[in-house]
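Participant: One structure coming up, written as structure tokens, with questions to follow.
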Amino acid sequence: MTTTQDSPTAAGSGASASDAFKASKERRGDAAVAPERVDAVVSAILKGVHDTIREHQVSYPEFQAAKAWLMEVGETGEWPLFMDVFVEHVIEEVAAEQQQGTKGSIEGPYYLPGQAKLGSACTLPCRDDEKGDPLVFEGQVRALDGTPLGGAEVDIWHADADGYYSGFAPHLPEGNLRGVVITDGDGRFTISTVQPAPYQIPTDGPTGKLIEAAGWHPWRPAHLHVMVRAEGYRTVTTQLYFAGGEWLDSDVAEATKPELILDPVDDGTGTRRSSYDFNLEAL
Ligand code: DHB
Ligand code: FE
């Protein structure tokens, strides 16, 4: 696509993702890391770098190019994008080893807290002329023993039909295709929205340039993000994908799981409906 002042750029989405990350300090609850742990983990990372240099006979010009690239990632604010695309899925995999209930997936860089609270049967905030096939996403939030969790929060956010997220693309209204849906007394929710498009990592920034230089592709399959919260239960952060969707088998962020694939069915009116239940683990 052509880049105009109003359309998203890597520098724009990178900088907004960095701002969102800085603003999330309290929610993240960063750990104070013990010196022994810093020593063990950082030594292992450096050993991996040193071994790679020896194995691949990395040259001085390549070393300098890497330094320039690392600086550019920082200057454009793309570290949250880069880390969430290439690293977060393994952090999630390790966390998941201790977890039961609905499978998690990466949060990614585009979550924004404090969205509009919506009733259990709702339409996500969208533009009057919002493009995209109508999609209804419904289901129930339950405890592992099957108890329905009324009053739970299904905090949902997703890209629009062009693959852009509100809050990270200047042409989109704030809060577009985002909302905190409160389940009814029976733990149920019915969310009307539009089908998101696959997401492309911005190609004009350093992450995009690296992807191109390595001959990889910059795509994630279309997905819905959800963070499901209920008092007394572990919050589930995950993503839901669409059966048959492009890039499902080659997600650049490696964040798909077979348990997280929706298969929406046309209800005869052109609206595609899909049901998915969330199972939360008691704390
Ligand atoms: C990135 C974007 C996403 O929409 C996502 O779900 C995960 C990662 C990214 O650009 O880093
Ligand atoms: Fe996403």
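Just so we're on the same page: first chain in the structure tokens is A, next is B, and so on; residues restart at 1 for each chain, and ligands are numbered from 1 in the order they show up.
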Using only C-alpha atoms and all ligand atoms, find each residue in chain A having at least one atom no more than 7 Å away from ligand 1; report its shortest atom-to-atom pair and that distance in Å (one decimal), rows by chain then rising number, as a tab-separated table.

Facilitator:
residue	atom	partner	partner_atom_place_in_ligand_line	distance
A:Pro80	CA	ligand 1	11 (O)	6.4
A:Leu81	CA	ligand 1	11 (O)	3.3
A:Phe82	CA	ligand 1	11 (O)	5.5
A:Met83	CA	ligand 1	11 (O)	6.8
A:Asp84	CA	ligand 1	11 (O)	4.6
A:Val85	CA	ligand 1	11 (O)	4.3
A:Ile106	CA	ligand 1	7 (C)	6.7
A:Glu107	CA	ligand 1	6 (O)	6.5
A:Gly108	CA	ligand 1	7 (C)	3.7
A:Pro109	CA	ligand 1	11 (O)	5.6
A:Tyr110	CA	ligand 1	4 (O)	6.4
A:Tyr199	CA	ligand 1	4 (O)	6.1
A:Ile201	CA	ligand 1	10 (O)	5.0
A:Ala253	CA	ligand 1	8 (C)	6.3

Participant: Next, the residues of the selection above should be written as a PDB file, in the first residue's frame with N, CA and C atoms.

Facilitator:
ATOM      1  N   PRO A  80       9.239  -3.743  21.168  1.00  0.00           N
ATOM      2  CA  PRO A  80       8.071  -4.566  21.535  1.00  0.00           C
ATOM      3  C   PRO A  80       7.593  -5.444  20.376  1.00  0.00           C
ATOM      4  N   LEU A  81       7.578  -4.911  19.156  1.00  0.00           N
ATOM      5  CA  LEU A  81       7.155  -5.710  18.003  1.00  0.00           C
ATOM      6  C   LEU A  81       8.102  -6.887  17.799  1.00  0.00           C
ATOM      7  N   PHE A  82       9.378  -6.593  17.789  1.00  0.00           N
ATOM      8  CA  PHE A  82      10.369  -7.637  17.512  1.00  0.00           C
ATOM      9  C   PHE A  82      10.300  -8.751  18.564  1.00  0.00           C
ATOM     10  N   MET A  83      10.279  -8.344  19.839  1.00  0.00           N
ATOM     11  CA  MET A  83      10.280  -9.342  20.922  1.00  0.00           C
ATOM     12  C   MET A  83       9.014 -10.195  20.890  1.00  0.00           C
ATOM     13  N   ASP A  84       7.871  -9.549  20.599  1.00  0.00           N
ATOM     14  CA  ASP A  84       6.614 -10.301  20.634  1.00  0.00           C
ATOM     15  C   ASP A  84       6.477 -11.215  19.412  1.00  0.00           C
ATOM     16  N   VAL A  85       7.087 -10.842  18.304  1.00  0.00           N
ATOM     17  CA  VAL A  85       7.016 -11.712  17.122  1.00  0.00           C
ATOM     18  C   VAL A  85       7.997 -12.879  17.240  1.00  0.00           C
ATOM     19  N   ILE A 106       0.444 -15.728  22.670  1.00  0.00           N
ATOM     20  CA  ILE A 106       1.139 -14.471  22.963  1.00  0.00           C
ATOM     21  C   ILE A 106       0.161 -13.297  23.057  1.00  0.00           C
ATOM     22  N   GLU A 107       0.513 -12.329  23.886  1.00  0.00           N
ATOM     23  CA  GLU A 107      -0.303 -11.103  24.001  1.00  0.00           C
ATOM     24  C   GLU A 107      -0.034 -10.177  22.819  1.00  0.00           C
ATOM     25  N   GLY A 108       1.215 -10.156  22.362  1.00  0.00           N
ATOM     26  CA  GLY A 108       1.565  -9.246  21.274  1.00  0.00           C
ATOM     27  C   GLY A 108       1.663  -7.811  21.786  1.00  0.00           C
ATOM     28  N   PRO A 109       2.021  -6.882  20.906  1.00  0.00           N
ATOM     29  CA  PRO A 109       2.294  -5.503  21.346  1.00  0.00           C
ATOM     30  C   PRO A 109       1.086  -4.575  21.328  1.00  0.00           C
ATOM     31  N   TYR A 110      -0.107  -5.063  20.952  1.00  0.00           N
ATOM     32  CA  TYR A 110      -1.203  -4.129  20.663  1.00  0.00           C
ATOM     33  C   TYR A 110      -2.366  -4.157  21.639  1.00  0.00           C
ATOM     34  N   TYR A 199      -2.472 -10.172   9.593  1.00  0.00           N
ATOM     35  CA  TYR A 199      -1.671  -9.018  10.026  1.00  0.00           C
ATOM     36  C   TYR A 199      -0.278  -9.113   9.419  1.00  0.00           C
ATOM     37  N   ILE A 201       3.569  -7.632   9.617  1.00  0.00           N
ATOM     38  CA  ILE A 201       4.559  -6.834  10.336  1.00  0.00           C
ATOM     39  C   ILE A 201       4.913  -5.659   9.428  1.00  0.00           C
ATOM     40  N   ALA A 253       5.003 -15.291  13.908  1.00  0.00           N
ATOM     41  CA  ALA A 253       5.173 -15.219  15.363  1.00  0.00           C
ATOM     42  C   ALA A 253       5.057 -16.595  16.028  1.00  0.00           C
TER      43      ALA A 253
END

Participant: 9 Å from ligand 2 is the threshold here; counting only C-alpha atoms and all ligand atoms, which polymer residues fall inside it? Answer as a list in words.

Facilitator: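 For ligand 2, the residues inside 9 Å are Ile106, Glu107, Gly108, Pro109, Tyr110, Tyr111, Trp157, His158, Ala159, Gly163, Tyr165, Pro198, Tyr199, Arg220, Pro221, Ala222, His223, Leu224, His225 and Gln239 of chain A.
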
Participant: Compile the contact shell of Leu283 in chain A as a list in words: residues with an atom at most 8 Å away, counting only C-alpha atoms, same-chain residues fewer than 4 positions apart removed.

Facilitator: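 My list of contacting residues is Gly232, Tyr233 and Arg234 of chain A.
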
Participant: Would you put the residues from that selection into a file with C-alpha atoms, as a tab-separated table (two decimals), in the first residue's frame?

Facilitator:
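Result file selection-v4.tsv:
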chain	number	residue	atom	x	y	z
A	232	GLY	CA	-10.26	-15.88	41.87
A	233	TYR	CA	-9.09	-17.37	38.54
A	234	ARG	CA	-5.89	-17.13	36.52

Participant: Could you go through range 152-241 of chain A and tell me which residues DSSP, when run on the backbone, assigns to strand (DSSP E), listing them as a PyMOL selection string?

Facilitator: chain A and resi 153-158+178-182+188-194+199-200+219-220+223-229+236-241

Participant: Which is closest to Ala213 in chain A among A:Trp69, A:Asp263, A:Pro173, A:Tyr276, if we use only C-alpha atoms?

Facilitator: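 Answer, going by the shortest atom-to-atom distance: A:Trp69.
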
Participant: Of the candidates A:Asp162, A:Asp249, A:Glu72, A:Glu55, which shows the shortest atom-to-atom distance to Pro196 in chain A, using only C-alpha atoms?

Facilitator: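 Looking at the shortest contact to Pro196 in chain A, the residue is A:Asp162.
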
Participant: When you look at Ile182 in chain A with a cut-off of 6 Å (counting only C-alpha atoms), what residues show up, excluding the ones that are within fewer than 4 positions of it in the same chain? I need them as an NGL selection string.

Facilitator: :A and (119-120 or 151-153)

Participant: Can you tell me which residues surround range 28-31 of chain A at a distance of at most 12 Å, considering only C-alpha atoms, apart from same-chain residues fewer than 5 positions away, and format the answer as a PyMOL selection string?

Facilitator: chain A and resi 20-23+37-38+107+111+113
